[in-house]
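Undergrad: This is the structure I have questions about; it appears just below.
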Amino acid sequence: MTPALTTSAAGRAYDYSHVVGGRQTTGMVSMAFGQDDDVYITKKERLFCDVMRIKVGPEPGDEEIVTYFAEANPGVFDGGWPACVAVSPNLNVFVTDELRHLIYEFDRDGKFIRHIGEPGTGPGQFDRPSGIVFADDGSMYVSDTMNHRVQRLSAKGEFQIEWGGLGSAEGQLSSPWGLTVDGIGNVLVADHKNHRIQKFDAEGGFISAIGSFGTGAGEFDHPSDVAVDPDGDIYVCDWANDRVQVFNGAGVYMMKLGGSAVALSKWQERYVQGNPDVQKARRRVDTLEPEFKFALPTAVKFEASRNRLMVVDSQRWRIQIFNKLTDYAEPQFNI
Amino acid sequence: MGDAKLELMAHLMRRAGFGASRDELERRVAVGYEETVEELLHPELQEPVDYHEFLRYYPLWWKAGTMGGNGHAGWVWRMINTKAPLQEKLCLFYHQLFATGVAKVDHYDEIEDMIDMFREKGLGNYKAILMEIARSPAMIYWLDNHENHATSVNENWGRELLELFTMGIGNYTETDVRECSRAFTGWTLIHKLPRFHMGRFDWEFEFRPEDHDAGEKTFLGHTGNFDGEEIVDIILAQPATANFIARHLYSFFVADEAQVPAWSVTPPNDPEAVQFIADALMKNDYHIETVLRMVFNSAFFKEALFAKVKNPTEVVIGTLRLVGDTERPSPQTIDWSFEITYMGQDLMNPPSVEGWHSGIEWINSGTLMKRTNFVAELISEHDRPGVARIIDRLKMVGESPEAIVDACLDVMGPLEIPTDARRELIEHAESLGRFDWDNNSPLEGGAAKVSEILQLIVSLREYQFA
């Protein structure tokens with residue numbers, strides 16, 4: 001069955017736009033917005049990892065590869081596992097590493113600048129850091145995953161505060177992954193193995209939580225990331241349920257997106273057109289429906305300047321893009 | 001020799017699991033043998049492995065590709081971490097029995113689905129497993145049943161069902177093979193989406209009635225318009241089937257047998273034990289949990305200490321579980337999965353539908369070096385928690401070389417070795433000088449010296465047996 005291209009509920013509407021990615025972006029797990037259509041992505045490949053800078057413009061086909069960080073800095077990721085990426089207010093690129101237990105800082109063009117942090121359990125030390133996000137003042141929040149905590153570092157990379165600790169009580173965490181900062185400086189954390197999203201103030205004080213384990217509306221199975229748009233709506237990457245769920249600012253469930261990629265990306269289309277057997281194999285199936293859906297989406301980001309949602313559809317090597325519609329009016333039921 | 005209860009518990013854990021540390025063995029002895037058997041037979045009581053933890057770090061192992069040759073790494077990670085080792089051991093048993101390989105199937109994920117089915121249903125009824133296998137996309141493609149049509153019969157699946165999965169050669173005719181195959185015509189696959197532009201998609205079983213031969217068949221003396229399930233019912237009613245499955249269970253869990261292709265001409269080493277298992281299968285409707293309970297509590301099982309050569313998976317997983325700090329998904333997980341392959345067991349890619357030749361055939365000059373080097377390296381890493389606990393135990397026996405050697409043999413088995421081998425170990429221990437436990441030098445300290453003893457022990461012939 002063809003999925004809905006426009007998903008609307010509770011006064012919100014999301015219009016499927018297009019897809020970016022393909023064989024060039026296998027293993028993509030995280031993304032962050034830069035400037036001038038820059039999008040940075042991390043890739044976990046079979047034998048090597050990388051960070052890519054790509055351009056993603058407003059229309060289908062407006063994408064191109066700019067830089068492979070590993071190529072620009074030979075050996076920079078040796079012995080490492082780049083996990084998540086964030087862009088600082090001064091446009092430098094920060095990448096967490098889950099094997100070397102540190103953070104890389106690169107300039108906008110991908111030139112390596114320095115390492116931040118080291119392995120350990122103390123302040124400023126990490127055990128498999130993953131999610132990373134910047135506040136407006138340049139401080140950064142990092143999911144220190146296997147220490148089951150969040151750390152806040154200054155713009156210079158100095159330790160400021162930490163919170164969490166392994167557990168399932170309010171304020172405790174279990175393998176946190178993606179995280180984000182909302183419009184008033186609160187921090188929302190994908191509390192991955194507790195199957196919930198927790199909201200904290202900027203100092204780590206617990207505010208609220210959304211969700212519990214399950215497959216129903218408002219329930220999660222290993223959430224991987226969270227985003228907040230300028231309206232305050234919350235997007236949760238519900239990883240093992242293969243969907244993104246939308247909540248209002250109060251944490252009330254609004255709707256879900258299951259993926260609507262009815263068309264191939266530019267790069268995918270090129271590949272299929274160049275391989276007649278793949279074309280034929282796609283034409284002999286009863287339905288292309290499985291291609292449309294998310295498969296273990298790992299990251300969700302909201303691009304405020306274009307009012308659109310991007311979902312890293314990890315196992316399909318692509319980003320699905322949805323425009324958030326304003327002033328959307330439903331057509332008549334009896335049309 | 002030492003503590004008989006401990007030795008028996010170690011035997012049970014080697015066969016129904018991947019071995020156990022001395023601490024675990026002592027805990028289990030305190031609980032009791034039969035109670036431990038019950039625990040092993042009830043994996044549902046254990047917290048399951050959270051496979052998402054592996055996928056989080058290794059996203060490309062979700063429907064893994066073929067070229068890397070290590071799509072089994074996720075299963076290896078499960079085996080390292082499971083709290084229900086018999087469940088994984090049964091996966092290994094059925095994977096050997098229903099050997100299906102990525103070399104032809106070309107989709108690790110479809111074989112993973114088969115392994116997942118073994119994990120879920122392995123302790124249940126053998127018929128249910130057979131029916132799942134008959135509908136498994138991996139098996140259908142592996143044995144060409146998608147080419148088995150009403151008007152053009154392909155006998156590959158039908159033949160192996162009889163020859164390798166149920167009755168064994170010599171218990172049916174070529175006509176039975178033909179009739180059996182006819183009953184499975186139309187058991188095929190839905191076309192799947194290609195993988196190359198956005199990853200892999202699932203394969204699905206499909207029954208096509210228009211391609212099924214619904215006509216009369218005569219099979220093993222029965223005549224009727226049989227379909228596949230009715231054929232399986234007839235097969236399972238044959239004593240030959242119970243005997244064949246019994247011999248597989250005996251060979252995997254009790255003692256090494258001749259290789260499967262020789263079974264039609266070589267009698268079992270212990271015919272009474274095999275008959276006992278066959279009778280148990282027939283009386284209990286092939287309920288594997290019930291039969292394994294009878295096996296593990298039988299005298300012939302309890303007397304079969306070290307009657308099997310460890311297969312490569314047992315060597316690697318047993319060592320990793322013993323030394324510890326191996327639980328997290330990491331690049332080493334992939335390296336370790338390759339070690340099993342280097343030792344001769346390329347999981348999810350067996351050499352043929354016949355599976356691996358086992359027992360003494362696991363050992364040759366190359367694989368023996370791989371086995372001993374792998375274990376020797378890990379057992380000498382003192383920082384690993386399991387190794388540290390072993391050394392802490394050894395410290396308790398003092399500094400006598402003889403006492404230290406005996407303690408090492410005890411903690412690594414307990415192992416019974418020939419007198420001359422023990423004497424050589426003692427002589428080597430004496431040549432190392434004083435075992436100074438207060439000296440932490442990586443070369444001269446007591447722990448370093450005891451590592452040498454442990455490395456020699458894992459190189460012994462006796463250590464290769466389970």
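For the structure tokens, the naming scheme is as follows: chains receive sequential letters (A, B, ...) according to their order of presentation, residues are indexed from 1 within each chain, and ligands are indexed from 1 in presentation order.
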Counting only C-alpha atoms, a student should be able to say which residues of chain B come within 6 Å of chain A; what is the right answer, written as number ranges by chain?
TA: B: 191, 193, 197-199
Undergrad: For the residues in the current selection, export all heavy atoms as a PDB file, in the first residue's frame.
TA:
```pdb
ATOM      1  N   HIS B 191       9.187 -13.146  -4.939  1.00  0.00           N
ATOM      2  CA  HIS B 191      10.316 -12.340  -5.395  1.00  0.00           C
ATOM      3  C   HIS B 191      10.598 -11.229  -4.392  1.00  0.00           C
ATOM      4  O   HIS B 191       9.681 -10.569  -3.907  1.00  0.00           O
ATOM      5  CB  HIS B 191      10.033 -11.718  -6.760  1.00  0.00           C
ATOM      6  CG  HIS B 191      10.078 -12.716  -7.875  1.00  0.00           C
ATOM      7  ND1 HIS B 191      11.146 -13.560  -8.066  1.00  0.00           N
ATOM      8  CD2 HIS B 191       9.185 -13.008  -8.862  1.00  0.00           C
ATOM      9  CE1 HIS B 191      10.909 -14.328  -9.110  1.00  0.00           C
ATOM     10  NE2 HIS B 191       9.728 -14.030  -9.605  1.00  0.00           N
ATOM     11  N   LEU B 193      12.774  -7.655  -3.195  1.00  0.00           N
ATOM     12  CA  LEU B 193      13.366  -6.440  -3.758  1.00  0.00           C
ATOM     13  C   LEU B 193      14.879  -6.594  -3.814  1.00  0.00           C
ATOM     14  O   LEU B 193      15.485  -7.218  -2.935  1.00  0.00           O
ATOM     15  CB  LEU B 193      13.013  -5.245  -2.880  1.00  0.00           C
ATOM     16  CG  LEU B 193      11.621  -4.665  -3.109  1.00  0.00           C
ATOM     17  CD1 LEU B 193      11.177  -3.881  -1.890  1.00  0.00           C
ATOM     18  CD2 LEU B 193      11.624  -3.777  -4.342  1.00  0.00           C
ATOM     19  N   HIS B 197      20.620  -0.971  -4.046  1.00  0.00           N
ATOM     20  CA  HIS B 197      20.469   0.485  -4.017  1.00  0.00           C
ATOM     21  C   HIS B 197      20.040   1.016  -2.662  1.00  0.00           C
ATOM     22  O   HIS B 197      20.171   2.209  -2.408  1.00  0.00           O
ATOM     23  CB  HIS B 197      19.495   0.945  -5.095  1.00  0.00           C
ATOM     24  CG  HIS B 197      18.104   0.371  -4.947  1.00  0.00           C
ATOM     25  ND1 HIS B 197      17.863  -0.975  -4.942  1.00  0.00           N
ATOM     26  CD2 HIS B 197      16.911   0.964  -4.784  1.00  0.00           C
ATOM     27  CE1 HIS B 197      16.560  -1.179  -4.795  1.00  0.00           C
ATOM     28  NE2 HIS B 197      15.963  -0.021  -4.684  1.00  0.00           N
ATOM     29  N   MET B 198      19.531   0.166  -1.769  1.00  0.00           N
ATOM     30  CA  MET B 198      19.170   0.658  -0.433  1.00  0.00           C
ATOM     31  C   MET B 198      19.119  -0.444   0.616  1.00  0.00           C
ATOM     32  O   MET B 198      18.345  -0.380   1.565  1.00  0.00           O
ATOM     33  CB  MET B 198      17.853   1.446  -0.463  1.00  0.00           C
ATOM     34  CG  MET B 198      16.640   0.646  -0.872  1.00  0.00           C
ATOM     35  SD  MET B 198      15.120   1.554  -0.539  1.00  0.00           S
ATOM     36  CE  MET B 198      15.069   2.690  -1.897  1.00  0.00           C
ATOM     37  N   GLY B 199      19.939  -1.465   0.471  1.00  0.00           N
ATOM     38  CA  GLY B 199      19.995  -2.487   1.508  1.00  0.00           C
ATOM     39  C   GLY B 199      19.027  -3.629   1.261  1.00  0.00           C
ATOM     40  O   GLY B 199      18.275  -3.642   0.286  1.00  0.00           O
TER      41      GLY B 199
END
```
Undergrad: Taking 2 positions as the minimum chain separation for residues in the same chain, which residues sit within 6 Å of stretch 109-123 of chain B when counting only C-alpha atoms? Answer as a compact mmCIF listing (two decimals) with all heavy atoms, in the first residue's frame.
TA:
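Saved file part-v9.txt follows:
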```txt
# COMPACT_ATOMS: atom_id res chain seq x y z
N LYS B 63 20.84 -7.37 8.58
CA LYS B 63 20.80 -7.93 7.23
C LYS B 63 22.17 -7.78 6.58
O LYS B 63 22.34 -7.11 5.55
CB LYS B 63 19.71 -7.28 6.40
CG LYS B 63 18.32 -7.37 7.03
CD LYS B 63 17.24 -6.95 6.10
CE LYS B 63 15.91 -6.86 6.82
NZ LYS B 63 15.49 -8.11 7.43
N GLN B 87 20.42 -22.75 24.96
CA GLN B 87 19.64 -22.23 23.84
C GLN B 87 20.55 -21.97 22.63
O GLN B 87 20.21 -22.33 21.50
CB GLN B 87 18.96 -20.93 24.29
CG GLN B 87 17.84 -20.48 23.42
CD GLN B 87 17.16 -19.25 24.00
OE1 GLN B 87 17.77 -18.42 24.66
NE2 GLN B 87 15.87 -19.12 23.75
N CYS B 91 21.10 -23.94 18.93
CA CYS B 91 21.20 -23.27 17.62
C CYS B 91 22.35 -23.86 16.83
O CYS B 91 22.24 -24.11 15.63
CB CYS B 91 21.40 -21.76 17.79
SG CYS B 91 19.99 -20.89 18.49
N HIS B 107 22.59 -14.27 1.50
CA HIS B 107 21.93 -13.35 2.41
C HIS B 107 22.11 -13.89 3.83
O HIS B 107 21.40 -14.80 4.23
CB HIS B 107 20.44 -13.23 2.12
CG HIS B 107 20.12 -12.65 0.78
ND1 HIS B 107 20.03 -11.30 0.56
CD2 HIS B 107 19.88 -13.23 -0.41
CE1 HIS B 107 19.75 -11.07 -0.71
NE2 HIS B 107 19.65 -12.24 -1.32
N ALA B 138 15.70 -19.36 3.25
CA ALA B 138 17.10 -19.73 3.07
C ALA B 138 17.21 -21.19 2.63
O ALA B 138 17.97 -21.53 1.71
CB ALA B 138 17.88 -19.50 4.37
N ILE B 288 12.03 -32.15 22.15
CA ILE B 288 13.48 -32.11 22.38
C ILE B 288 13.82 -31.78 23.85
O ILE B 288 14.75 -32.35 24.42
CB ILE B 288 14.14 -31.09 21.43
CG1 ILE B 288 13.86 -31.49 19.97
CG2 ILE B 288 15.64 -30.98 21.69
CD1 ILE B 288 14.39 -32.85 19.57
N GLU B 289 13.06 -30.89 24.46
CA GLU B 289 13.34 -30.56 25.87
C GLU B 289 13.25 -31.82 26.73
O GLU B 289 14.13 -32.10 27.56
CB GLU B 289 12.35 -29.51 26.38
CG GLU B 289 12.56 -29.17 27.86
CD GLU B 289 11.36 -28.46 28.47
OE1 GLU B 289 10.74 -27.63 27.79
OE2 GLU B 289 11.04 -28.76 29.64
```
Undergrad: Which residues come within 9 Å of B:Ala280, counting only C-alpha atoms, excluding same-chain residues fewer than 3 positions away, as a list in words?
TA: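 In the requested format, the answer is Ala242, Ala246, Gln275, Phe276, Ile277, Lys283, Asn284, Asp285, Tyr286, His287, Thr290, Val291 and Met294 of chain B.
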Undergrad: What is the distance, in Å and to one decimal place, between atom CA of A:Gly178 and atom CA of A:Glu203?
TA: 17.9 Å
Undergrad: Report the residues of stretch 91-272 of chain A whose backbone DSSP state falls under alpha helix (DSSP H), written as a VMD selection string.
TA: chain A and resid 266 to 272
Undergrad: Near B:Leu236, counting only C-alpha atoms, which residues have an atom at most 12 Å away, once you skip same-chain residues fewer than 2 positions from it, shown as JSON, numbers by chain?
TA: {"B": [125, 126, 127, 128, 130, 131, 161, 162, 165, 166, 167, 220, 229, 230, 231, 232, 233, 234, 238, 239, 240, 241, 242, 243, 244, 245, 278, 281, 282, 283, 284, 285, 286, 287]}
Undergrad: Can you work out the spacing between atom CA of B:Asn225 and atom CA of B:Tyr141 in Å, to one decimal?
TA: 25.2 Å
Undergrad: Can you list every residue in stretch 110-148 of chain A that DSSP puts in strand (DSSP E), as JSON, numbers by chain?
TA: {"A": [112, 113, 114, 115, 116, 118, 119, 125, 126, 129, 130, 131, 132, 133, 134, 140, 141, 142, 143, 144]}
Undergrad: Extract, using only C-alpha atoms, all DNA, RNA and protein residues at most 9 Å from B:Asn156, discarding same-chain residues fewer than 4 positions from it, and format them as a compact mmCIF listing (two decimals) with N, CA, C and O atoms, in the first residue's frame.
TA:
```txt
# COMPACT_ATOMS: atom_id res chain seq x y z
N LEU B 143 18.34 -25.44 -1.17
CA LEU B 143 18.10 -26.76 -1.75
C LEU B 143 17.13 -26.71 -2.94
O LEU B 143 16.46 -27.71 -3.24
N ASP B 144 17.04 -25.55 -3.55
CA ASP B 144 16.41 -25.42 -4.87
C ASP B 144 14.92 -25.73 -4.89
O ASP B 144 14.39 -26.08 -5.96
N ASN B 145 14.24 -25.61 -3.77
CA ASN B 145 12.82 -25.97 -3.85
C ASN B 145 12.01 -24.92 -4.62
O ASN B 145 10.89 -25.20 -5.04
N ASN B 148 11.25 -26.44 -7.76
CA ASN B 148 10.51 -27.70 -7.67
C ASN B 148 9.06 -27.46 -8.09
O ASN B 148 8.27 -26.92 -7.31
N GLU B 160 17.38 -34.43 0.52
CA GLU B 160 18.11 -34.10 1.77
C GLU B 160 17.21 -34.20 2.99
O GLU B 160 17.69 -34.52 4.08
N LEU B 161 15.93 -33.92 2.80
CA LEU B 161 15.00 -34.11 3.92
C LEU B 161 15.10 -35.54 4.44
O LEU B 161 15.13 -35.78 5.65
N SER B 181 9.41 -35.38 -2.95
CA SER B 181 9.65 -34.10 -3.63
C SER B 181 8.38 -33.58 -4.27
O SER B 181 8.10 -32.37 -4.23
```
Undergrad: Can you list, as JSON, numbers by chain, every protein, DNA or RNA residue that comes within 12 Å of A:Asp137 when you count only C-alpha atoms, leaving out same-chain residues fewer than 6 positions away?
TA: {"A": [88, 89, 90, 152, 153, 154, 155, 156, 181, 185, 202]}
Undergrad: Those same residues, written as a compact mmCIF listing (two decimals), in the first residue's frame with N, CA, C and O atoms?
TA:
```txt
# COMPACT_ATOMS: atom_id res chain seq x y z
N SER A 88 29.13 23.54 15.91
CA SER A 88 29.14 24.56 16.96
C SER A 88 28.67 25.90 16.38
O SER A 88 28.60 26.07 15.16
N PRO A 89 28.37 26.88 17.24
CA PRO A 89 27.94 28.19 16.73
C PRO A 89 28.97 28.83 15.80
O PRO A 89 28.60 29.61 14.92
N ASN A 90 30.25 28.50 15.99
CA ASN A 90 31.25 29.08 15.06
C ASN A 90 31.52 28.16 13.88
O ASN A 90 32.51 28.32 13.17
N ARG A 152 28.15 18.30 30.36
CA ARG A 152 28.18 19.59 29.65
C ARG A 152 29.60 20.12 29.70
O ARG A 152 30.21 20.19 30.78
N LEU A 153 30.11 20.47 28.53
CA LEU A 153 31.45 21.03 28.41
C LEU A 153 31.33 22.46 27.91
O LEU A 153 30.39 22.81 27.20
N SER A 154 32.30 23.26 28.26
CA SER A 154 32.32 24.63 27.74
C SER A 154 32.68 24.62 26.27
O SER A 154 33.08 23.59 25.71
N ALA A 155 32.56 25.80 25.65
CA ALA A 155 32.92 25.90 24.24
C ALA A 155 34.38 25.50 24.01
O ALA A 155 34.75 25.06 22.92
N LYS A 156 35.20 25.65 25.05
CA LYS A 156 36.61 25.26 24.93
C LYS A 156 36.84 23.77 25.20
O LYS A 156 37.96 23.29 25.14
N VAL A 181 18.74 20.38 22.34
CA VAL A 181 18.42 21.51 23.22
C VAL A 181 17.22 22.22 22.61
O VAL A 181 17.21 22.50 21.41
N GLY A 185 16.48 26.30 26.11
CA GLY A 185 17.71 25.80 26.73
C GLY A 185 17.56 24.52 27.51
O GLY A 185 18.53 24.06 28.14
N ALA A 202 18.89 23.24 31.92
CA ALA A 202 20.28 23.37 31.46
C ALA A 202 21.29 22.93 32.51
O ALA A 202 22.45 22.65 32.19
```
Undergrad: Excluding B:Asp406 and its own-chain neighbours fewer than 4 positions away, which residues fall within 12 Å of it when counting only C-alpha atoms? Please give them as an MDAnalysis selection string.
TA: chainID B and resid 1:2 394 397:402 410:417 419 421:423 425:426 429 450 453:454 457
Undergrad: Write a file of the just-selected residues containing N, CA and C atoms, as an mmCIF file, in the first residue's frame.
TA:
```
data_model
loop_
_atom_site.group_PDB
_atom_site.id
_atom_site.type_symbol
_atom_site.label_atom_id
_atom_site.label_comp_id
_atom_site.auth_asym_id
_atom_site.auth_seq_id
_atom_site.Cartn_x
_atom_site.Cartn_y
_atom_site.Cartn_z
ATOM 1 N N MET B 1 41.494 -38.362 42.122
ATOM 2 C CA MET B 1 41.169 -37.124 41.409
ATOM 3 C C MET B 1 40.358 -36.233 42.337
ATOM 4 N N GLY B 2 39.838 -35.137 41.784
ATOM 5 C CA GLY B 2 39.243 -34.111 42.617
ATOM 6 C C GLY B 2 37.791 -34.335 42.956
ATOM 7 N N LEU B 394 44.835 -19.199 42.278
ATOM 8 C CA LEU B 394 46.128 -19.889 42.285
ATOM 9 C C LEU B 394 47.028 -19.364 43.397
ATOM 10 N N VAL B 397 47.228 -21.279 46.717
ATOM 11 C CA VAL B 397 47.910 -22.570 46.918
ATOM 12 C C VAL B 397 49.374 -22.403 47.297
ATOM 13 N N GLY B 398 49.846 -21.177 47.339
ATOM 14 C CA GLY B 398 51.220 -20.959 47.772
ATOM 15 C C GLY B 398 52.203 -20.923 46.610
ATOM 16 N N GLU B 399 53.428 -21.346 46.858
ATOM 17 C CA GLU B 399 54.480 -21.169 45.856
ATOM 18 C C GLU B 399 55.048 -22.492 45.347
ATOM 19 N N SER B 400 54.533 -23.612 45.840
ATOM 20 C CA SER B 400 55.054 -24.913 45.406
ATOM 21 C C SER B 400 54.717 -25.148 43.939
ATOM 22 N N PRO B 401 55.723 -25.418 43.088
ATOM 23 C CA PRO B 401 55.446 -25.665 41.671
ATOM 24 C C PRO B 401 54.444 -26.798 41.457
ATOM 25 N N GLU B 402 54.575 -27.847 42.215
ATOM 26 C CA GLU B 402 53.676 -28.989 42.064
ATOM 27 C C GLU B 402 52.234 -28.587 42.402
ATOM 28 N N ASP B 410 43.341 -28.013 37.755
ATOM 29 C CA ASP B 410 42.023 -28.053 38.395
ATOM 30 C C ASP B 410 41.134 -26.921 37.901
ATOM 31 N N VAL B 411 41.698 -25.729 37.829
ATOM 32 C CA VAL B 411 40.873 -24.567 37.504
ATOM 33 C C VAL B 411 40.584 -24.508 36.008
ATOM 34 N N MET B 412 41.391 -25.164 35.184
ATOM 35 C CA MET B 412 41.154 -25.142 33.738
ATOM 36 C C MET B 412 40.306 -26.327 33.272
ATOM 37 N N GLY B 413 39.787 -27.115 34.131
ATOM 38 C CA GLY B 413 38.960 -28.262 33.744
ATOM 39 C C GLY B 413 37.819 -28.481 34.717
ATOM 40 N N PRO B 414 38.062 -29.272 35.747
ATOM 41 C CA PRO B 414 39.311 -29.942 36.099
ATOM 42 C C PRO B 414 39.745 -30.913 35.008
ATOM 43 N N LEU B 415 41.074 -30.908 34.775
ATOM 44 C CA LEU B 415 41.662 -31.746 33.728
ATOM 45 C C LEU B 415 42.482 -32.860 34.340
ATOM 46 N N GLU B 416 42.329 -34.048 33.780
ATOM 47 C CA GLU B 416 43.181 -35.162 34.167
ATOM 48 C C GLU B 416 44.126 -35.417 32.999
ATOM 49 N N ILE B 417 45.416 -35.384 33.267
ATOM 50 C CA ILE B 417 46.385 -35.546 32.172
ATOM 51 C C ILE B 417 47.339 -36.685 32.508
ATOM 52 N N THR B 419 50.620 -38.872 33.449
ATOM 53 C CA THR B 419 51.633 -38.601 34.464
ATOM 54 C C THR B 419 52.848 -37.886 33.888
ATOM 55 N N ALA B 421 53.031 -35.975 31.265
ATOM 56 C CA ALA B 421 52.708 -34.589 30.912
ATOM 57 C C ALA B 421 52.693 -33.714 32.174
ATOM 58 N N ARG B 422 52.130 -34.253 33.250
ATOM 59 C CA ARG B 422 52.103 -33.504 34.516
ATOM 60 C C ARG B 422 53.528 -33.267 35.014
ATOM 61 N N ARG B 423 54.362 -34.306 34.874
ATOM 62 C CA ARG B 423 55.735 -34.159 35.342
ATOM 63 C C ARG B 423 56.467 -33.065 34.550
ATOM 64 N N LEU B 425 55.144 -30.492 33.138
ATOM 65 C CA LEU B 425 54.623 -29.186 33.581
ATOM 66 C C LEU B 425 55.291 -28.766 34.889
ATOM 67 N N ILE B 426 55.438 -29.725 35.790
ATOM 68 C CA ILE B 426 56.060 -29.406 37.086
ATOM 69 C C ILE B 426 57.518 -29.001 36.882
ATOM 70 N N ALA B 429 57.581 -25.596 35.634
ATOM 71 C CA ALA B 429 57.257 -24.656 36.719
ATOM 72 C C ALA B 429 58.470 -24.449 37.619
ATOM 73 N N VAL B 450 52.762 -17.993 36.181
ATOM 74 C CA VAL B 450 51.637 -18.920 36.125
ATOM 75 C C VAL B 450 50.972 -18.862 34.748
ATOM 76 N N ILE B 453 52.345 -21.508 32.647
ATOM 77 C CA ILE B 453 51.771 -22.832 32.948
ATOM 78 C C ILE B 453 50.408 -22.966 32.281
ATOM 79 N N LEU B 454 49.595 -21.921 32.405
ATOM 80 C CA LEU B 454 48.258 -21.973 31.805
ATOM 81 C C LEU B 454 48.350 -22.100 30.280
ATOM 82 N N ILE B 457 49.083 -25.590 29.449
ATOM 83 C CA ILE B 457 47.920 -26.468 29.685
ATOM 84 C C ILE B 457 46.925 -26.381 28.528
#
```
Undergrad: Please report the interatomic distance between atom CA of A:Arg12 and atom CA of A:Thr326 in Å with one decimal.
TA: 7.8 Å
Undergrad: Using only C-alpha atoms, pick whichever of B:Leu90, B:Ala183, B:Val254, B:Val387 has the shortest atom-to-atom distance to B:Pro209.
TA: B:Ala183
